[in-house]
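J.: Below is a structure I'd like to ask you about.
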Amino acid sequence: MFNDQRATQMLRIGQDADFSDSFCEPLALTSAYSFSSAREAAARFGGTEPGNVYSRFTNPTVNTFEQRVAFLEEAEAAVAFASGMAALSAVVMAFAASGCNIVCARDVFGTTLIMLRQHFARYGIEVRVVGMLDYDAWEKAIDSDTCLVIVETPANPMQHVADIARLSRMAHAHGALLLVDSTMLTPILQRPLRQGADLVLHSAGKYMDGHGRCIAGVVCGVDTLMQPLRAVLRSQGACLSPMNAWLLLESLETLELRMQRISANTLSMARWLDKHPKVGSVFYSGLESHPCHDIACAQQAGFGGVVSFEVGMSQKEAWACMDALQLISIATNIGDTRSMVTHPASTTQGRWSPEDRMSCGIGDNLLRLSVGLESLADLQQDIDVALKIALDQKSRSLQGCSLLETLE
């Protein structure tokens with residue numbers, strides 16, 4: 001039997017490899033870190049010395065992603081999380097408390113309202129929901145007990161655009177923080193901190209990833225607001241995995257190019273849909289007919305990659321159109337290089353009450369299209385054929401009913 005300590009060598013050889021000359025960012029797949037001494041370990045855990053502690057809240061790859069997003073948002077710092085909802089939960093945990101209230105736009109991501117109303121309201125936090133464009137309602141709802149004002153702009157799926165500077169003044173007049181979910185535009189097309197927002201949130205698995213590979217969230221702002229968030233992350237544990245951070249870093253390199261192409265494609269698609277004889281109302285802030293077009297032009301550098309439109313008069317016709325598509329995928333994500341369509345009333349806003357959906361304009365015949373990087377002509381042909389199939393079926397059905405009535 002050999003006695004050459006091979007087991008020990010297999011575990012220890014190569015541990016001191018130097019990756020500083022690697023052209024691509026190294027991927028730090030580690031949970032723990034080694035310290036030079038017991039004193040250094042204690043100092044890092046106590047926060048008196050900088051350095052990595054444990055990958056639940058410090059990781060070199062994740063830190064690089066945070067730094068890059070903070071730079072894009074013109075923020076002092078950023079904190080990354082496992083998902084957009086984990087990021088929002090951490091914001092509430094960091095800045096809200098029993099007895100205070102949160103004022104939130106009704107036109108936000110569907111799960112945001114569910115989380116605030118069903119979960120955080122149980123802890124003595126009042127949730128006040130207002131129409132996104134009803135500034136009188138915002139003024140009445142925000143008071144001295146308001147800790148957070150939350151808005152997503154542009155809103156998904158109706159593309160309503162909030163006046164960020166105006167909401168900032170309202171929030172700050174009462175000492176509240178304004179959180180803007182800017183997922184739909186990314187820092188390439190919108191920078192809410194310039195308009196007076198305190199916190200900017202991204203569901204980074206959308207456009208920041210852009211390839212439908214991962215889930216992530218990130219919040220940006222001044223360092224004094226990021227410190228409480230990082231403290232929550234340290235205990236809460238909803239950390240972004242190093243692998244997902246590495247994927248996001250690769251995607252950020254092409255973010256500007258993708259957003260420019262996707263936005264151009266979507267504006268052309270919205271104009272085409274707006275003229276299509278088989279399409280009802282079209283909702284895209286890039287259209288001059290959209291009620292928020294002027295404010296979108298004022299505070300955005302583009303209009304993004306999501307357009308919503310109405311098909312027929314009912315869910316049946318909207319679903320028939322979706323099912324007839326051959327190229328565009330049926331999926332509930334947005335921001336992919338590939339185009340996707342969904343039916344908001346039965347998916348993303350499916351857990352809302354009918355009253356909440358209708359107050360935001362989300363009817364049963366509404367479809368949301370996330371436009372990708374495919375040929376615009378191919379996408380339009382796919383939709384054109386699907387519309388004909390869906391609405392011709394309705395026409396034949398109505399003709400059949402008319403014939404039966406005649407025979408009777």
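Each chain in the structure tokens gets a letter, A, B, ..., in the order shown, and its residues are numbered from 1; ligands are numbered from 1 in order too.
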Hey, what's within 12 Å of region 187-190 of chain A if we count only C-alpha atoms and toss same-chain stuff fewer than 3 positions away? As an MDAnalysis selection string, please?

T.: chainID A and resid 68:75 152:154 161 164 180:184 193:195 197 200:202 204 207:208 220 252:263 296:305

J.: Could you list, as an mmCIF file with C-alpha atoms, in the first residue's frame, every residue within 12 Å of Asp378 (chain A), counting only C-alpha atoms and ignoring same-chain residues fewer than 6 positions away?

T.:
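Result file around.cif:
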data_model
loop_
_atom_site.group_PDB
_atom_site.id
_atom_site.type_symbol
_atom_site.label_atom_id
_atom_site.label_comp_id
_atom_site.auth_asym_id
_atom_site.auth_seq_id
_atom_site.Cartn_x
_atom_site.Cartn_y
_atom_site.Cartn_z
ATOM 1 C CA ASN A 265 -37.961 46.999 -32.847
ATOM 2 C CA MET A 269 -43.973 47.007 -33.838
ATOM 3 C CA LEU A 325 -48.466 31.987 -33.011
ATOM 4 C CA GLN A 326 -45.683 29.891 -34.517
ATOM 5 C CA LEU A 327 -42.568 31.988 -33.881
ATOM 6 C CA ILE A 328 -43.326 34.063 -30.787
ATOM 7 C CA SER A 339 -39.971 37.530 -28.351
ATOM 8 C CA VAL A 371 -40.218 42.116 -28.346
ATOM 9 C CA GLY A 372 -36.856 40.453 -28.924
ATOM 10 C CA ASP A 384 -50.681 38.876 -38.701
ATOM 11 C CA VAL A 385 -51.391 35.196 -39.416
#

J.: From a DSSP pass on the backbone, collect the residues of region 88-134 of chain A flagged as helix (DSSP H, G or I) and hand them back as a PyMOL selection string.

T.: chain A and resi 88-95+110-118+120-123

J.: Give me the residues near Arg230 (chain A) as a PyMOL selection string, where near means some atom within 9 Å (using only C-alpha atoms) and where sequence neighbours in that chain fewer than 5 positions away do not count.

T.: chain A and resi 57+79-80+90+235

J.: Please, could you write that set of residues out with N, CA, C and O atoms as a short mmCIF file (atom, residue, chain, number, x, y, z; two decimals), in the first residue's frame?

T.:
data_model
loop_
_atom_site.label_atom_id
_atom_site.label_comp_id
_atom_site.auth_asym_id
_atom_site.auth_seq_id
_atom_site.Cartn_x
_atom_site.Cartn_y
_atom_site.Cartn_z
N PHE A 57 -23.34 37.10 2.02
CA PHE A 57 -23.46 38.55 1.87
C PHE A 57 -22.20 39.22 1.34
O PHE A 57 -22.20 40.42 1.09
N VAL A 79 -26.86 46.76 -3.91
CA VAL A 79 -26.90 45.48 -3.20
C VAL A 79 -27.71 44.51 -4.04
O VAL A 79 -28.83 44.82 -4.46
N ALA A 80 -27.15 43.34 -4.31
CA ALA A 80 -27.80 42.34 -5.15
C ALA A 80 -28.49 41.28 -4.31
O ALA A 80 -28.06 40.96 -3.19
N ALA A 90 -36.53 42.97 0.99
CA ALA A 90 -35.46 43.51 1.82
C ALA A 90 -35.63 45.01 2.03
O ALA A 90 -35.36 45.53 3.12
N SER A 235 -28.66 38.78 7.33
CA SER A 235 -29.48 37.91 8.17
C SER A 235 -30.54 37.16 7.38
O SER A 235 -30.84 36.00 7.66
#

J.: Could you pull out the residues in region 100-319 of chain A that DSSP calls strand (DSSP E) from the backbone, as a PyMOL selection string?

T.: chain A and resi 101-105+126-130+146-152+177-181+199-203+217-221+282-283+306-310

J.: Which residues, written as number ranges by chain, have at least one atom at most 7 Å from Cys104 (chain A), with only C-alpha atoms counted and residues fewer than 3 positions away on the same chain left out?

T.: A: 128-130, 149-151

J.: Keeping only C-alpha atoms, write the selected residues as a PDB file, in the first residue's frame.

T.:
ATOM      1  CA  ARG A 128     -52.259  52.313   0.593  1.00  0.00           C
ATOM      2  CA  VAL A 129     -52.757  51.665  -3.124  1.00  0.00           C
ATOM      3  CA  VAL A 130     -53.401  54.542  -5.524  1.00  0.00           C
ATOM      4  CA  VAL A 149     -43.513  55.351  -1.803  1.00  0.00           C
ATOM      5  CA  ILE A 150     -43.320  52.633  -4.463  1.00  0.00           C
ATOM      6  CA  VAL A 151     -43.834  52.993  -8.191  1.00  0.00           C
TER       7      VAL A 151
END

J.: I'd like the neighbourhood of Val282 (chain A) as a PDB file with all heavy atoms, in the first residue's frame, where a residue qualifies if any of its atoms comes within 9 Å (using only C-alpha atoms), though same-chain residues fewer than 4 positions away should be ignored.

T.:
ATOM      1  N   ALA A 270     -45.066  48.642 -32.385  1.00  0.00           N
ATOM      2  CA  ALA A 270     -46.219  49.364 -31.834  1.00  0.00           C
ATOM      3  C   ALA A 270     -46.914  50.180 -32.917  1.00  0.00           C
ATOM      4  O   ALA A 270     -48.154  50.219 -32.986  1.00  0.00           O
ATOM      5  CB  ALA A 270     -45.770  50.275 -30.688  1.00  0.00           C
ATOM      6  N   ARG A 271     -46.141  50.832 -33.756  1.00  0.00           N
ATOM      7  CA  ARG A 271     -46.734  51.617 -34.849  1.00  0.00           C
ATOM      8  C   ARG A 271     -47.454  50.718 -35.842  1.00  0.00           C
ATOM      9  O   ARG A 271     -48.528  51.066 -36.350  1.00  0.00           O
ATOM     10  CB  ARG A 271     -45.635  52.422 -35.544  1.00  0.00           C
ATOM     11  CG  ARG A 271     -45.116  53.584 -34.699  1.00  0.00           C
ATOM     12  CD  ARG A 271     -43.881  54.220 -35.312  1.00  0.00           C
ATOM     13  NE  ARG A 271     -43.488  55.426 -34.575  1.00  0.00           N
ATOM     14  CZ  ARG A 271     -42.308  56.032 -34.716  1.00  0.00           C
ATOM     15  NH1 ARG A 271     -41.405  55.536 -35.565  1.00  0.00           N
ATOM     16  NH2 ARG A 271     -42.036  57.124 -34.018  1.00  0.00           N
ATOM     17  N   LEU A 273     -48.797  47.694 -35.149  1.00  0.00           N
ATOM     18  CA  LEU A 273     -50.002  47.200 -34.480  1.00  0.00           C
ATOM     19  C   LEU A 273     -51.088  48.274 -34.443  1.00  0.00           C
ATOM     20  O   LEU A 273     -52.273  47.977 -34.592  1.00  0.00           O
ATOM     21  CB  LEU A 273     -49.666  46.755 -33.054  1.00  0.00           C
ATOM     22  CG  LEU A 273     -48.869  45.456 -32.888  1.00  0.00           C
ATOM     23  CD1 LEU A 273     -48.366  45.317 -31.454  1.00  0.00           C
ATOM     24  CD2 LEU A 273     -49.717  44.244 -33.279  1.00  0.00           C
ATOM     25  N   ASP A 274     -50.655  49.507 -34.222  1.00  0.00           N
ATOM     26  CA  ASP A 274     -51.608  50.612 -34.110  1.00  0.00           C
ATOM     27  C   ASP A 274     -52.404  50.824 -35.407  1.00  0.00           C
ATOM     28  O   ASP A 274     -53.527  51.332 -35.375  1.00  0.00           O
ATOM     29  CB  ASP A 274     -50.857  51.891 -33.746  1.00  0.00           C
ATOM     30  CG  ASP A 274     -51.750  52.952 -33.137  1.00  0.00           C
ATOM     31  OD1 ASP A 274     -52.674  52.593 -32.371  1.00  0.00           O
ATOM     32  OD2 ASP A 274     -51.529  54.137 -33.410  1.00  0.00           O
ATOM     33  N   LEU A 287     -45.758  55.750 -28.534  1.00  0.00           N
ATOM     34  CA  LEU A 287     -46.776  56.246 -29.460  1.00  0.00           C
ATOM     35  C   LEU A 287     -47.244  57.625 -28.999  1.00  0.00           C
ATOM     36  O   LEU A 287     -47.512  57.832 -27.810  1.00  0.00           O
ATOM     37  CB  LEU A 287     -47.966  55.289 -29.524  1.00  0.00           C
ATOM     38  CG  LEU A 287     -47.690  53.884 -30.087  1.00  0.00           C
ATOM     39  CD1 LEU A 287     -48.952  53.035 -29.988  1.00  0.00           C
ATOM     40  CD2 LEU A 287     -47.204  53.956 -31.528  1.00  0.00           C
ATOM     41  N   HIS A 290     -50.338  57.779 -26.811  1.00  0.00           N
ATOM     42  CA  HIS A 290     -50.331  57.298 -25.426  1.00  0.00           C
ATOM     43  C   HIS A 290     -50.417  58.498 -24.485  1.00  0.00           C
ATOM     44  O   HIS A 290     -49.732  59.513 -24.674  1.00  0.00           O
ATOM     45  CB  HIS A 290     -49.055  56.502 -25.145  1.00  0.00           C
ATOM     46  CG  HIS A 290     -49.111  55.714 -23.874  1.00  0.00           C
ATOM     47  ND1 HIS A 290     -48.897  56.281 -22.638  1.00  0.00           N
ATOM     48  CD2 HIS A 290     -49.370  54.402 -23.644  1.00  0.00           C
ATOM     49  CE1 HIS A 290     -49.014  55.350 -21.702  1.00  0.00           C
ATOM     50  NE2 HIS A 290     -49.293  54.193 -22.281  1.00  0.00           N
ATOM     51  N   VAL A 307     -44.863  46.029 -25.421  1.00  0.00           N
ATOM     52  CA  VAL A 307     -46.047  46.679 -25.970  1.00  0.00           C
ATOM     53  C   VAL A 307     -47.242  45.770 -25.707  1.00  0.00           C
ATOM     54  O   VAL A 307     -47.136  44.543 -25.804  1.00  0.00           O
ATOM     55  CB  VAL A 307     -45.891  46.967 -27.483  1.00  0.00           C
ATOM     56  CG1 VAL A 307     -45.594  45.692 -28.267  1.00  0.00           C
ATOM     57  CG2 VAL A 307     -47.113  47.659 -28.033  1.00  0.00           C
ATOM     58  N   SER A 308     -48.360  46.350 -25.317  1.00  0.00           N
ATOM     59  CA  SER A 308     -49.575  45.581 -25.063  1.00  0.00           C
ATOM     60  C   SER A 308     -50.659  46.002 -26.052  1.00  0.00           C
ATOM     61  O   SER A 308     -50.699  47.163 -26.474  1.00  0.00           O
ATOM     62  CB  SER A 308     -50.066  45.791 -23.630  1.00  0.00           C
ATOM     63  OG  SER A 308     -49.096  45.331 -22.696  1.00  0.00           O
ATOM     64  N   PHE A 309     -51.522  45.055 -26.399  1.00  0.00           N
ATOM     65  CA  PHE A 309     -52.576  45.367 -27.366  1.00  0.00           C
ATOM     66  C   PHE A 309     -53.778  44.456 -27.147  1.00  0.00           C
ATOM     67  O   PHE A 309     -53.657  43.375 -26.563  1.00  0.00           O
ATOM     68  CB  PHE A 309     -52.054  45.239 -28.804  1.00  0.00           C
ATOM     69  CG  PHE A 309     -51.514  43.878 -29.169  1.00  0.00           C
ATOM     70  CD1 PHE A 309     -52.291  42.959 -29.873  1.00  0.00           C
ATOM     71  CD2 PHE A 309     -50.216  43.512 -28.829  1.00  0.00           C
ATOM     72  CE1 PHE A 309     -51.796  41.714 -30.219  1.00  0.00           C
ATOM     73  CE2 PHE A 309     -49.706  42.265 -29.170  1.00  0.00           C
ATOM     74  CZ  PHE A 309     -50.511  41.365 -29.874  1.00  0.00           C
ATOM     75  N   GLU A 310     -54.921  44.931 -27.610  1.00  0.00           N
ATOM     76  CA  GLU A 310     -56.166  44.203 -27.420  1.00  0.00           C
ATOM     77  C   GLU A 310     -56.547  43.441 -28.686  1.00  0.00           C
ATOM     78  O   GLU A 310     -56.410  43.956 -29.792  1.00  0.00           O
ATOM     79  CB  GLU A 310     -57.283  45.171 -27.028  1.00  0.00           C
ATOM     80  CG  GLU A 310     -57.045  45.822 -25.672  1.00  0.00           C
ATOM     81  CD  GLU A 310     -58.082  46.868 -25.313  1.00  0.00           C
ATOM     82  OE1 GLU A 310     -58.685  47.445 -26.238  1.00  0.00           O
ATOM     83  OE2 GLU A 310     -58.279  47.111 -24.096  1.00  0.00           O
TER      84      GLU A 310
END

J.: Tell me, in Å to one decimal, how far CA of Ala324 (chain A) is from CA of Ala386 (chain A).

T.: 4.8 Å

J.: Skip Thr332 (chain A) itself and residues of its chain fewer than 3 positions away, then list as number ranges by chain all residues within 8 Å of it, counting only C-alpha atoms.

T.: A: 340-342, 347-348

J.: Can you tell me how far CA of Thr61 (chain A) sits from CA of Ser31 (chain A), in Å to one decimal?

T.: 12.1 Å

J.: Which residues come within 9 Å of Thr112 (chain A), counting only C-alpha atoms, excluding same-chain residues fewer than 4 positions away, as a list in words?

T.: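 Those residues are Met85, Leu88, Val108, Leu116 and Arg117 of chain A.
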
J.: Hey, can you spit out that residue selection with N, CA, C and O atoms as an mmCIF file, in the first residue's frame?

T.:
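Below is the file result-v3.cif, written as the result:
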data_model
loop_
_atom_site.group_PDB
_atom_site.id
_atom_site.type_symbol
_atom_site.label_atom_id
_atom_site.label_comp_id
_atom_site.auth_asym_id
_atom_site.auth_seq_id
_atom_site.Cartn_x
_atom_site.Cartn_y
_atom_site.Cartn_z
ATOM 1 N N MET A 85 -38.144 40.130 -6.272
ATOM 2 C CA MET A 85 -39.031 40.127 -5.116
ATOM 3 C C MET A 85 -38.252 40.044 -3.805
ATOM 4 O O MET A 85 -38.644 40.637 -2.795
ATOM 5 N N LEU A 88 -37.161 43.594 -3.178
ATOM 6 C CA LEU A 88 -38.244 44.425 -2.664
ATOM 7 C C LEU A 88 -38.571 44.071 -1.219
ATOM 8 O O LEU A 88 -38.803 44.958 -0.386
ATOM 9 N N VAL A 108 -48.279 48.160 -10.585
ATOM 10 C CA VAL A 108 -46.959 47.591 -10.346
ATOM 11 C C VAL A 108 -46.995 46.113 -10.716
ATOM 12 O O VAL A 108 -48.057 45.561 -11.048
ATOM 13 N N LEU A 116 -47.255 42.892 -0.553
ATOM 14 C CA LEU A 116 -47.506 43.978 0.387
ATOM 15 C C LEU A 116 -48.804 43.778 1.150
ATOM 16 O O LEU A 116 -48.861 43.936 2.373
ATOM 17 N N ARG A 117 -49.865 43.424 0.425
ATOM 18 C CA ARG A 117 -51.193 43.315 1.049
ATOM 19 C C ARG A 117 -51.351 42.063 1.895
ATOM 20 O O ARG A 117 -51.942 42.107 2.974
#

J.: Which of these residues is nearest to Pro291 (chain A), using only C-alpha atoms: A:Cys239, A:Cys214, A:Ala41, A:Ala162?

T.: A:Ala162

J.: Looking at A:Ser314, A:Ser370, A:Ser36, A:Gln227, which one is nearest to Val91 (chain A), with distances taken over only C-alpha atoms?

T.: A:Gln227

J.: Determine the nearest neighbour of Ser329 (chain A) from the options A:Leu379, A:Ala96, A:Leu133, A:Ile13, counting only C-alpha atoms.

T.: A:Leu379

J.: What separation in Å, quoted to one decimal, exists between CA of Ala28 (chain A) and CA of Asn59 (chain A)?

T.: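 Taking CA of Ala28 (chain A) as the start and CA of Asn59 (chain A) as the end point, the length is 7.0 Å.
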
J.: Which of these residues is nearest to Phe95 (chain A), using only C-alpha atoms: A:Pro242, A:Gly175, A:Gly210, A:Gly312?

T.: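 Smallest separation from Phe95 (chain A) among the options: A:Gly175.
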
J.: Nearest residue to Gly84 (chain A) out of A:Val103, A:Ile215, A:Ala137, A:Ile383, using only C-alpha atoms?

T.: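 Distance minimum relative to Gly84 (chain A) lands on A:Ile215.
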